[in-house]
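A.B. asks: If it helps, the file is called model_26.txt and holds compact mmCIF, N, CA and C atoms:
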# COMPACT_ATOMS: atom_id res chain seq x y z
N MET A 1 42.83 -57.94 -1.22
CA MET A 1 41.41 -57.70 -1.34
C MET A 1 41.03 -56.36 -0.70
N GLU A 2 41.60 -56.09 0.45
CA GLU A 2 41.30 -54.86 1.17
C GLU A 2 41.75 -53.63 0.37
N ASN A 3 42.85 -53.75 -0.32
CA ASN A 3 43.38 -52.66 -1.12
C ASN A 3 42.43 -52.33 -2.28
N LYS A 4 41.85 -53.36 -2.91
CA LYS A 4 40.88 -53.15 -4.00
C LYS A 4 39.64 -52.43 -3.49
N THR A 5 39.17 -52.77 -2.31
CA THR A 5 38.00 -52.13 -1.72
C THR A 5 38.26 -50.67 -1.45
N LYS A 6 39.45 -50.36 -0.96
CA LYS A 6 39.82 -48.96 -0.69
C LYS A 6 39.87 -48.17 -2.00
N LYS A 7 40.43 -48.79 -3.03
CA LYS A 7 40.51 -48.11 -4.33
C LYS A 7 39.12 -47.85 -4.91
N LYS A 8 38.23 -48.84 -4.77
CA LYS A 8 36.86 -48.66 -5.26
C LYS A 8 36.16 -47.54 -4.48
N ALA A 9 36.34 -47.53 -3.17
CA ALA A 9 35.72 -46.50 -2.34
C ALA A 9 36.27 -45.12 -2.71
N LEU A 10 37.58 -45.06 -2.93
CA LEU A 10 38.20 -43.79 -3.32
C LEU A 10 37.69 -43.34 -4.69
N ALA A 11 37.52 -44.28 -5.60
CA ALA A 11 37.00 -43.96 -6.93
C ALA A 11 35.57 -43.43 -6.83
N VAL A 12 34.75 -44.05 -6.00
CA VAL A 12 33.37 -43.60 -5.82
C VAL A 12 33.34 -42.20 -5.23
N VAL A 13 34.18 -41.95 -4.22
CA VAL A 13 34.25 -40.62 -3.60
C VAL A 13 34.70 -39.59 -4.63
N CYS A 14 35.69 -39.93 -5.44
CA CYS A 14 36.17 -39.00 -6.47
C CYS A 14 35.07 -38.70 -7.50
N LEU A 15 34.32 -39.73 -7.89
CA LEU A 15 33.23 -39.52 -8.83
C LEU A 15 32.14 -38.62 -8.24
N ILE A 16 31.83 -38.84 -6.98
CA ILE A 16 30.82 -38.00 -6.32
C ILE A 16 31.31 -36.56 -6.25
N LEU A 17 32.57 -36.36 -5.84
CA LEU A 17 33.13 -35.01 -5.77
C LEU A 17 33.15 -34.33 -7.15
N ALA A 18 33.53 -35.08 -8.17
CA ALA A 18 33.55 -34.52 -9.53
C ALA A 18 32.14 -34.11 -9.96
N GLY A 19 31.17 -34.95 -9.63
CA GLY A 19 29.78 -34.62 -9.97
C GLY A 19 29.31 -33.38 -9.24
N LEU A 20 29.63 -33.28 -7.95
CA LEU A 20 29.25 -32.10 -7.18
C LEU A 20 29.92 -30.85 -7.70
N LEU A 21 31.21 -30.95 -8.01
CA LEU A 21 31.92 -29.80 -8.56
C LEU A 21 31.32 -29.36 -9.89
N GLY A 22 30.97 -30.34 -10.72
CA GLY A 22 30.33 -30.00 -12.00
C GLY A 22 28.99 -29.33 -11.80
N PHE A 23 28.19 -29.87 -10.89
CA PHE A 23 26.87 -29.30 -10.62
C PHE A 23 26.98 -27.88 -10.09
N PHE A 24 27.79 -27.69 -9.04
CA PHE A 24 27.90 -26.36 -8.43
C PHE A 24 28.66 -25.39 -9.33
N GLY A 25 29.59 -25.90 -10.11
CA GLY A 25 30.29 -25.05 -11.07
C GLY A 25 29.34 -24.52 -12.13
N THR A 26 28.48 -25.40 -12.61
CA THR A 26 27.49 -24.99 -13.61
C THR A 26 26.52 -23.98 -13.03
N ARG A 27 26.04 -24.23 -11.80
CA ARG A 27 25.13 -23.28 -11.14
C ARG A 27 25.80 -21.92 -10.97
N TYR A 28 27.06 -21.92 -10.53
CA TYR A 28 27.77 -20.66 -10.34
C TYR A 28 27.89 -19.91 -11.67
N TYR A 29 28.23 -20.63 -12.72
CA TYR A 29 28.36 -20.02 -14.04
C TYR A 29 27.03 -19.39 -14.48
N LEU A 30 25.95 -20.15 -14.36
CA LEU A 30 24.65 -19.64 -14.79
C LEU A 30 24.17 -18.48 -13.91
N ASP A 31 24.41 -18.54 -12.61
CA ASP A 31 23.94 -17.52 -11.69
C ASP A 31 24.79 -16.25 -11.70
N ASN A 32 26.08 -16.37 -12.02
CA ASN A 32 26.98 -15.23 -11.82
C ASN A 32 27.77 -14.79 -13.04
N ILE A 33 27.93 -15.63 -14.02
CA ILE A 33 28.80 -15.27 -15.14
C ILE A 33 28.02 -15.11 -16.44
N LYS A 34 27.29 -16.14 -16.82
CA LYS A 34 26.53 -16.08 -18.08
C LYS A 34 25.43 -15.02 -17.97
N MET A 35 25.31 -14.19 -19.00
CA MET A 35 24.29 -13.16 -19.01
C MET A 35 22.90 -13.80 -19.08
N PRO A 36 21.92 -13.18 -18.42
CA PRO A 36 20.55 -13.70 -18.49
C PRO A 36 20.06 -13.74 -19.94
N GLU A 37 19.17 -14.68 -20.22
CA GLU A 37 18.66 -14.84 -21.58
C GLU A 37 17.79 -13.67 -22.02
N VAL A 38 17.03 -13.09 -21.09
CA VAL A 38 16.16 -11.96 -21.42
C VAL A 38 16.92 -10.68 -21.13
N SER A 39 17.03 -9.81 -22.11
CA SER A 39 17.80 -8.58 -21.98
C SER A 39 17.08 -7.57 -21.09
N PRO A 40 17.83 -6.61 -20.53
CA PRO A 40 17.19 -5.54 -19.74
C PRO A 40 16.13 -4.79 -20.54
N ARG A 41 16.40 -4.55 -21.79
CA ARG A 41 15.44 -3.86 -22.67
C ARG A 41 14.12 -4.63 -22.71
N GLN A 42 14.21 -5.94 -22.86
CA GLN A 42 13.00 -6.77 -22.93
C GLN A 42 12.26 -6.78 -21.59
N VAL A 43 13.00 -6.77 -20.48
CA VAL A 43 12.37 -6.73 -19.16
C VAL A 43 11.55 -5.45 -19.01
N VAL A 44 12.12 -4.32 -19.43
CA VAL A 44 11.40 -3.03 -19.34
C VAL A 44 10.18 -3.06 -20.25
N GLU A 45 10.32 -3.58 -21.46
CA GLU A 45 9.17 -3.67 -22.36
C GLU A 45 8.08 -4.57 -21.76
N ASP A 46 8.49 -5.69 -21.17
CA ASP A 46 7.52 -6.60 -20.55
C ASP A 46 6.83 -5.93 -19.35
N TYR A 47 7.59 -5.15 -18.60
CA TYR A 47 7.04 -4.45 -17.44
C TYR A 47 5.94 -3.47 -17.88
N PHE A 48 6.23 -2.66 -18.88
CA PHE A 48 5.23 -1.69 -19.35
C PHE A 48 4.05 -2.38 -20.03
N ALA A 49 4.30 -3.47 -20.73
CA ALA A 49 3.19 -4.23 -21.33
C ALA A 49 2.28 -4.78 -20.24
N ALA A 50 2.86 -5.26 -19.16
CA ALA A 50 2.06 -5.77 -18.03
C ALA A 50 1.24 -4.64 -17.41
N LEU A 51 1.85 -3.47 -17.26
CA LEU A 51 1.11 -2.33 -16.70
C LEU A 51 -0.06 -1.94 -17.60
N LYS A 52 0.19 -1.89 -18.91
CA LYS A 52 -0.87 -1.53 -19.84
C LYS A 52 -2.01 -2.54 -19.79
N ALA A 53 -1.67 -3.80 -19.60
CA ALA A 53 -2.68 -4.86 -19.53
C ALA A 53 -3.28 -4.99 -18.13
N GLN A 54 -2.83 -4.15 -17.23
CA GLN A 54 -3.25 -4.17 -15.82
C GLN A 54 -2.97 -5.51 -15.17
N ASP A 55 -1.90 -6.16 -15.60
CA ASP A 55 -1.44 -7.41 -15.00
C ASP A 55 -0.37 -7.04 -13.97
N TYR A 56 -0.82 -6.54 -12.84
CA TYR A 56 0.10 -5.98 -11.84
C TYR A 56 0.94 -7.05 -11.16
N ASP A 57 0.44 -8.26 -11.05
CA ASP A 57 1.24 -9.34 -10.47
C ASP A 57 2.46 -9.64 -11.34
N ARG A 58 2.23 -9.68 -12.65
CA ARG A 58 3.35 -9.94 -13.56
C ARG A 58 4.35 -8.78 -13.53
N ALA A 59 3.86 -7.55 -13.51
CA ALA A 59 4.74 -6.38 -13.44
C ALA A 59 5.55 -6.40 -12.14
N TYR A 60 4.89 -6.72 -11.05
CA TYR A 60 5.56 -6.76 -9.73
C TYR A 60 6.65 -7.84 -9.72
N GLY A 61 6.45 -8.91 -10.45
CA GLY A 61 7.45 -9.97 -10.53
C GLY A 61 8.71 -9.57 -11.25
N LEU A 62 8.69 -8.46 -11.98
CA LEU A 62 9.86 -7.98 -12.71
C LEU A 62 10.68 -6.97 -11.90
N ILE A 63 10.30 -6.77 -10.65
CA ILE A 63 10.94 -5.77 -9.79
C ILE A 63 11.87 -6.47 -8.80
N SER A 64 13.00 -5.84 -8.51
CA SER A 64 13.92 -6.35 -7.51
C SER A 64 13.40 -6.01 -6.12
N LEU A 65 12.98 -7.00 -5.40
CA LEU A 65 12.45 -6.76 -4.06
C LEU A 65 13.56 -6.49 -3.04
N ARG A 66 14.80 -6.68 -3.44
CA ARG A 66 15.93 -6.27 -2.58
C ARG A 66 16.03 -4.75 -2.55
N HIS A 67 15.57 -4.08 -3.60
CA HIS A 67 15.70 -2.63 -3.71
C HIS A 67 14.37 -1.89 -3.55
N TYR A 68 13.28 -2.57 -3.77
CA TYR A 68 11.95 -1.96 -3.74
C TYR A 68 11.17 -2.59 -2.59
N ASN A 69 10.80 -1.78 -1.61
CA ASN A 69 10.24 -2.33 -0.38
C ASN A 69 8.72 -2.26 -0.28
N ASN A 70 8.04 -1.76 -1.29
CA ASN A 70 6.58 -1.70 -1.23
C ASN A 70 5.98 -3.08 -1.41
N THR A 71 4.87 -3.32 -0.73
CA THR A 71 4.15 -4.57 -0.91
C THR A 71 3.46 -4.54 -2.27
N ILE A 72 2.95 -5.67 -2.67
CA ILE A 72 2.25 -5.72 -3.96
C ILE A 72 1.01 -4.83 -3.93
N ASN A 73 0.33 -4.74 -2.80
CA ASN A 73 -0.85 -3.88 -2.72
C ASN A 73 -0.47 -2.40 -2.84
N GLN A 74 0.62 -2.00 -2.21
CA GLN A 74 1.09 -0.62 -2.35
C GLN A 74 1.48 -0.35 -3.79
N PHE A 75 2.15 -1.32 -4.41
CA PHE A 75 2.55 -1.19 -5.81
C PHE A 75 1.32 -1.03 -6.70
N LYS A 76 0.30 -1.89 -6.49
CA LYS A 76 -0.92 -1.83 -7.30
C LYS A 76 -1.61 -0.47 -7.14
N ASP A 77 -1.68 0.05 -5.92
CA ASP A 77 -2.30 1.36 -5.70
C ASP A 77 -1.60 2.44 -6.50
N ARG A 78 -0.29 2.38 -6.56
CA ARG A 78 0.47 3.41 -7.25
C ARG A 78 0.36 3.29 -8.76
N VAL A 79 0.55 2.10 -9.30
CA VAL A 79 0.60 1.96 -10.76
C VAL A 79 -0.77 1.85 -11.40
N SER A 80 -1.81 1.62 -10.63
CA SER A 80 -3.14 1.54 -11.22
C SER A 80 -3.59 2.90 -11.77
N MET A 81 -2.90 3.96 -11.40
CA MET A 81 -3.22 5.30 -11.90
C MET A 81 -2.61 5.56 -13.28
N TYR A 82 -1.70 4.68 -13.73
CA TYR A 82 -1.06 4.88 -15.03
C TYR A 82 -2.08 4.69 -16.15
N SER A 83 -1.96 5.48 -17.17
CA SER A 83 -2.85 5.38 -18.31
C SER A 83 -2.54 4.13 -19.13
N PRO A 84 -3.56 3.35 -19.45
CA PRO A 84 -3.31 2.17 -20.29
C PRO A 84 -2.98 2.57 -21.74
N GLU A 85 -3.10 3.85 -22.06
CA GLU A 85 -2.79 4.31 -23.41
C GLU A 85 -1.35 4.81 -23.54
N MET A 86 -0.58 4.69 -22.47
CA MET A 86 0.80 5.16 -22.54
C MET A 86 1.59 4.30 -23.53
N GLU A 87 2.57 4.92 -24.14
CA GLU A 87 3.42 4.24 -25.10
C GLU A 87 4.86 4.34 -24.64
N LEU A 88 5.62 3.33 -24.95
CA LEU A 88 7.02 3.25 -24.53
C LEU A 88 7.92 3.20 -25.75
N GLU A 89 8.98 3.96 -25.69
CA GLU A 89 10.00 3.93 -26.74
C GLU A 89 11.35 3.75 -26.06
N ILE A 90 12.04 2.66 -26.38
CA ILE A 90 13.37 2.41 -25.83
C ILE A 90 14.37 3.22 -26.63
N LYS A 91 15.16 4.02 -25.94
CA LYS A 91 16.15 4.87 -26.59
C LYS A 91 17.54 4.26 -26.57
N ASP A 92 17.90 3.60 -25.45
CA ASP A 92 19.26 3.08 -25.32
C ASP A 92 19.29 2.03 -24.21
N GLU A 93 20.32 1.23 -24.24
CA GLU A 93 20.51 0.20 -23.22
C GLU A 93 22.01 0.08 -22.96
N THR A 94 22.39 0.14 -21.69
CA THR A 94 23.79 -0.03 -21.29
C THR A 94 23.85 -1.14 -20.25
N ILE A 95 24.71 -2.11 -20.50
CA ILE A 95 24.84 -3.25 -19.59
C ILE A 95 26.26 -3.31 -19.06
N THR A 96 26.39 -3.42 -17.74
CA THR A 96 27.67 -3.72 -17.12
C THR A 96 27.57 -5.12 -16.55
N GLU A 97 28.48 -5.47 -15.68
CA GLU A 97 28.52 -6.84 -15.16
C GLU A 97 27.22 -7.23 -14.46
N ASP A 98 26.78 -6.44 -13.49
CA ASP A 98 25.60 -6.79 -12.69
C ASP A 98 24.51 -5.74 -12.71
N THR A 99 24.67 -4.69 -13.50
CA THR A 99 23.67 -3.63 -13.57
C THR A 99 23.42 -3.27 -15.03
N ALA A 100 22.29 -2.63 -15.24
CA ALA A 100 21.95 -2.16 -16.58
C ALA A 100 21.11 -0.89 -16.46
N VAL A 101 21.17 -0.07 -17.48
CA VAL A 101 20.34 1.13 -17.56
C VAL A 101 19.66 1.11 -18.93
N VAL A 102 18.34 1.25 -18.90
CA VAL A 102 17.56 1.33 -20.13
C VAL A 102 16.96 2.73 -20.17
N VAL A 103 17.30 3.47 -21.21
CA VAL A 103 16.78 4.83 -21.38
C VAL A 103 15.47 4.72 -22.15
N VAL A 104 14.40 5.26 -21.56
CA VAL A 104 13.09 5.14 -22.18
C VAL A 104 12.42 6.51 -22.32
N ARG A 105 11.54 6.57 -23.28
CA ARG A 105 10.66 7.73 -23.44
C ARG A 105 9.24 7.20 -23.31
N VAL A 106 8.50 7.78 -22.36
CA VAL A 106 7.12 7.40 -22.13
C VAL A 106 6.23 8.52 -22.66
N LEU A 107 5.26 8.16 -23.50
CA LEU A 107 4.31 9.12 -24.04
C LEU A 107 2.92 8.78 -23.51
N VAL A 108 2.27 9.78 -22.93
CA VAL A 108 0.92 9.59 -22.41
C VAL A 108 0.02 10.61 -23.11
N PRO A 109 -0.97 10.15 -23.88
CA PRO A 109 -1.86 11.10 -24.54
C PRO A 109 -2.78 11.78 -23.51
N LEU A 110 -2.85 13.10 -23.57
CA LEU A 110 -3.72 13.88 -22.70
C LEU A 110 -4.59 14.79 -23.55
N GLY A 111 -5.60 15.37 -22.97
CA GLY A 111 -6.52 16.22 -23.71
C GLY A 111 -5.86 17.44 -24.33
N PHE A 112 -4.81 17.95 -23.71
CA PHE A 112 -4.14 19.16 -24.21
C PHE A 112 -2.86 18.84 -24.97
N GLY A 113 -2.63 17.58 -25.24
CA GLY A 113 -1.42 17.16 -25.95
C GLY A 113 -0.72 16.04 -25.18
N PRO A 114 0.24 15.43 -25.82
CA PRO A 114 0.91 14.30 -25.15
C PRO A 114 1.86 14.77 -24.05
N TYR A 115 1.91 14.00 -22.98
CA TYR A 115 2.91 14.19 -21.95
C TYR A 115 4.06 13.25 -22.30
N ILE A 116 5.26 13.81 -22.39
CA ILE A 116 6.44 13.03 -22.76
C ILE A 116 7.45 13.09 -21.63
N SER A 117 7.94 11.94 -21.24
CA SER A 117 8.92 11.87 -20.16
C SER A 117 10.07 10.96 -20.58
N ASP A 118 11.28 11.50 -20.53
CA ASP A 118 12.47 10.69 -20.75
C ASP A 118 13.04 10.30 -19.39
N THR A 119 13.31 9.03 -19.22
CA THR A 119 13.79 8.57 -17.92
C THR A 119 14.70 7.36 -18.09
N ASN A 120 15.45 7.08 -17.05
CA ASN A 120 16.30 5.89 -17.01
C ASN A 120 15.65 4.83 -16.13
N MET A 121 15.62 3.63 -16.60
CA MET A 121 15.18 2.50 -15.80
C MET A 121 16.43 1.73 -15.41
N ASP A 122 16.72 1.69 -14.10
CA ASP A 122 17.88 0.97 -13.60
C ASP A 122 17.50 -0.46 -13.28
N LEU A 123 18.35 -1.38 -13.69
CA LEU A 123 18.10 -2.80 -13.43
C LEU A 123 19.32 -3.41 -12.77
N VAL A 124 19.08 -4.49 -12.06
CA VAL A 124 20.15 -5.23 -11.40
C VAL A 124 19.99 -6.70 -11.77
N ARG A 125 21.11 -7.36 -11.88
CA ARG A 125 21.07 -8.79 -12.18
C ARG A 125 20.78 -9.54 -10.89
N ASP A 126 19.75 -10.37 -10.94
CA ASP A 126 19.38 -11.20 -9.80
C ASP A 126 19.52 -12.64 -10.26
N LYS A 127 20.73 -13.16 -10.12
CA LYS A 127 21.12 -14.48 -10.61
C LYS A 127 20.90 -14.58 -12.11
N ARG A 128 19.83 -15.25 -12.55
CA ARG A 128 19.66 -15.53 -13.99
C ARG A 128 18.70 -14.58 -14.68
N VAL A 129 18.27 -13.51 -14.00
CA VAL A 129 17.32 -12.57 -14.60
C VAL A 129 17.68 -11.14 -14.25
N TRP A 130 17.21 -10.22 -15.07
CA TRP A 130 17.31 -8.79 -14.77
C TRP A 130 16.05 -8.37 -14.04
N LYS A 131 16.22 -7.51 -13.02
CA LYS A 131 15.09 -6.99 -12.25
C LYS A 131 15.18 -5.47 -12.22
N ILE A 132 14.03 -4.81 -12.25
CA ILE A 132 13.97 -3.36 -12.20
C ILE A 132 14.17 -2.91 -10.76
N ILE A 133 15.02 -1.90 -10.55
CA ILE A 133 15.34 -1.44 -9.21
C ILE A 133 14.26 -0.49 -8.69
N HIS A 134 13.94 0.52 -9.48
CA HIS A 134 12.94 1.54 -9.06
C HIS A 134 11.87 1.64 -10.12
N PRO A 135 10.73 0.99 -9.92
CA PRO A 135 9.69 1.03 -10.95
C PRO A 135 9.01 2.40 -11.03
Have the structure of the file written as structure tokens, please.
C.D. replies:
Amino acid sequence: MENKTKKKALAVVCLILAGLLGFFGTRYYLDNIKMPEVSPRQVVEDYFAALKAQDYDRAYGLISLRHYNNTINQFKDRVSMYSPEMELEIKDETITEDTAVVVVRVLVPLGFGPYISDTNMDLVRDKRVWKIIHP
């Protein structure tokens, strides 16, 4: 009888361990191996759309706070000067394991003609999402 109890206890412990390994294995895969569902290109497009709509909280949520140390109020002060008429054109996207670069062209209409700026938006993978490093 005692031997059966030990076997049942061992079976329960093995089932618990298998469940834990499955749970943590899945979390590790999703956090570190599987690419995020939203591409870096889409994150940059969403960021600029939020700026144009003056939804600064949403834009701030797309930034990596590990790399960007300004508070949301400092961020709002800086980006509130951006023209809501600016246009974004994605030129290229390069993805490595944990980083990405999105090449963008920003056009801002001005009285004397458009201001055009080509720049790189660097992103870092933050578990299951891409975040902008330097907005």
A.B. asks: Using only C-alpha atoms, which protein or nucleic acid residues come within 10 Å of Trp130 of chain A? Drop anything in the same chain fewer than 5 positions from it, and give the result as a PDB file with N, CA and C atoms, in the coordinates of the input.
C.D. replies:
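What ended up in part-v2.pdb:
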ATOM      1  N   MET A  35      25.310 -14.190 -19.000  1.00  0.00           N
ATOM      2  CA  MET A  35      24.290 -13.160 -19.010  1.00  0.00           C
ATOM      3  C   MET A  35      22.900 -13.800 -19.080  1.00  0.00           C
ATOM      4  N   PRO A  36      21.920 -13.180 -18.420  1.00  0.00           N
ATOM      5  CA  PRO A  36      20.550 -13.700 -18.490  1.00  0.00           C
ATOM      6  C   PRO A  36      20.060 -13.740 -19.940  1.00  0.00           C
ATOM      7  N   GLU A  37      19.170 -14.680 -20.220  1.00  0.00           N
ATOM      8  CA  GLU A  37      18.660 -14.840 -21.580  1.00  0.00           C
ATOM      9  C   GLU A  37      17.790 -13.670 -22.020  1.00  0.00           C
ATOM     10  N   VAL A  38      17.030 -13.090 -21.090  1.00  0.00           N
ATOM     11  CA  VAL A  38      16.160 -11.960 -21.420  1.00  0.00           C
ATOM     12  C   VAL A  38      16.920 -10.680 -21.130  1.00  0.00           C
ATOM     13  N   SER A  39      17.030  -9.810 -22.110  1.00  0.00           N
ATOM     14  CA  SER A  39      17.800  -8.580 -21.980  1.00  0.00           C
ATOM     15  C   SER A  39      17.080  -7.570 -21.090  1.00  0.00           C
ATOM     16  N   PRO A  40      17.830  -6.610 -20.530  1.00  0.00           N
ATOM     17  CA  PRO A  40      17.190  -5.540 -19.740  1.00  0.00           C
ATOM     18  C   PRO A  40      16.130  -4.790 -20.540  1.00  0.00           C
ATOM     19  N   ARG A  41      16.400  -4.550 -21.790  1.00  0.00           N
ATOM     20  CA  ARG A  41      15.440  -3.860 -22.670  1.00  0.00           C
ATOM     21  C   ARG A  41      14.120  -4.630 -22.710  1.00  0.00           C
ATOM     22  N   GLN A  42      14.210  -5.940 -22.860  1.00  0.00           N
ATOM     23  CA  GLN A  42      13.000  -6.770 -22.930  1.00  0.00           C
ATOM     24  C   GLN A  42      12.260  -6.780 -21.590  1.00  0.00           C
ATOM     25  N   VAL A  43      13.000  -6.770 -20.480  1.00  0.00           N
ATOM     26  CA  VAL A  43      12.370  -6.730 -19.160  1.00  0.00           C
ATOM     27  C   VAL A  43      11.550  -5.450 -19.010  1.00  0.00           C
ATOM     28  N   VAL A  44      12.120  -4.320 -19.430  1.00  0.00           N
ATOM     29  CA  VAL A  44      11.400  -3.030 -19.340  1.00  0.00           C
ATOM     30  C   VAL A  44      10.180  -3.060 -20.250  1.00  0.00           C
ATOM     31  N   LEU A  62       8.690  -8.460 -11.980  1.00  0.00           N
ATOM     32  CA  LEU A  62       9.860  -7.980 -12.710  1.00  0.00           C
ATOM     33  C   LEU A  62      10.680  -6.970 -11.900  1.00  0.00           C
ATOM     34  N   ILE A  63      10.300  -6.770 -10.650  1.00  0.00           N
ATOM     35  CA  ILE A  63      10.940  -5.770  -9.790  1.00  0.00           C
ATOM     36  C   ILE A  63      11.870  -6.470  -8.800  1.00  0.00           C
ATOM     37  N   SER A  64      13.000  -5.840  -8.510  1.00  0.00           N
ATOM     38  CA  SER A  64      13.920  -6.350  -7.510  1.00  0.00           C
ATOM     39  C   SER A  64      13.400  -6.010  -6.120  1.00  0.00           C
ATOM     40  N   ASP A  98      26.780  -6.440 -13.490  1.00  0.00           N
ATOM     41  CA  ASP A  98      25.600  -6.790 -12.690  1.00  0.00           C
ATOM     42  C   ASP A  98      24.510  -5.740 -12.710  1.00  0.00           C
ATOM     43  N   THR A  99      24.670  -4.690 -13.500  1.00  0.00           N
ATOM     44  CA  THR A  99      23.670  -3.630 -13.570  1.00  0.00           C
ATOM     45  C   THR A  99      23.420  -3.270 -15.030  1.00  0.00           C
ATOM     46  N   ALA A 100      22.290  -2.630 -15.240  1.00  0.00           N
ATOM     47  CA  ALA A 100      21.950  -2.160 -16.580  1.00  0.00           C
ATOM     48  C   ALA A 100      21.110  -0.890 -16.460  1.00  0.00           C
ATOM     49  N   ASP A 122      16.720   1.690 -14.100  1.00  0.00           N
ATOM     50  CA  ASP A 122      17.880   0.970 -13.600  1.00  0.00           C
ATOM     51  C   ASP A 122      17.500  -0.460 -13.280  1.00  0.00           C
ATOM     52  N   LEU A 123      18.350  -1.380 -13.690  1.00  0.00           N
ATOM     53  CA  LEU A 123      18.100  -2.800 -13.430  1.00  0.00           C
ATOM     54  C   LEU A 123      19.320  -3.410 -12.770  1.00  0.00           C
ATOM     55  N   VAL A 124      19.080  -4.490 -12.060  1.00  0.00           N
ATOM     56  CA  VAL A 124      20.150  -5.230 -11.400  1.00  0.00           C
ATOM     57  C   VAL A 124      19.990  -6.700 -11.770  1.00  0.00           C
ATOM     58  N   ARG A 125      21.110  -7.360 -11.880  1.00  0.00           N
ATOM     59  CA  ARG A 125      21.070  -8.790 -12.180  1.00  0.00           C
ATOM     60  C   ARG A 125      20.780  -9.540 -10.890  1.00  0.00           C
TER      61      ARG A 125
END
A.B. asks: Which one is closest to Glu97 of chain A: A:Ser83, A:Thr119, A:Asn70, A:Lys127? Count only C-alpha atoms.
C.D. replies: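 Under the stated criterion, the closest residue is A:Lys127.
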A.B. asks: Just give me the gap between atom CA of Thr94 of chain A and atom CA of Asn120 of chain A in Å, one decimal is fine.
C.D. replies: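 Computing the Euclidean distance for atom CA of Thr94 of chain A and atom CA of Asn120 of chain A yields 10.5 Å.
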A.B. asks: Once DSSP has gone over the backbone, tell me which residues of chain A are in helix (DSSP H, G or I), as JSON, numbers by chain.
C.D. replies: {"A": [2, 3, 4, 5, 6, 7, 8, 9, 10, 11, 12, 13, 14, 15, 16, 17, 18, 19, 20, 21, 22, 23, 24, 25, 26, 27, 28, 29, 30, 31, 32, 33, 40, 41, 42, 43, 44, 45, 46, 47, 48, 49, 50, 51, 52, 56, 57, 58, 59, 60, 72, 73, 74, 75, 76, 77, 78, 79]}
A.B. asks: Please, what distance in Å, to one decimal, runs between atom C of Thr71 of chain A and atom C of Asp57 of chain A?
C.D. replies: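 The value is 10.5 Å.
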A.B. asks: Among chain A, which residues carry a DSSP assignment of strand (DSSP E or B), reported as a ChimeraX atom specification?
C.D. replies: /A:63,87-95,99-108,115-126,129-132
A.B. asks: Could you tell me which of A:Arg105, A:Lys6, A:Lys91, A:His67 comes closest to Pro135 of chain A if we count only N, CA and C atoms?
C.D. replies: A:His67
A.B. asks: Counting only C-alpha atoms, what is within 8 Å of Leu88 of chain A, bar same-chain residues fewer than 3 positions away, as JSON, numbers by chain?
C.D. replies: {"A": [45, 48, 104, 105, 106, 107]}
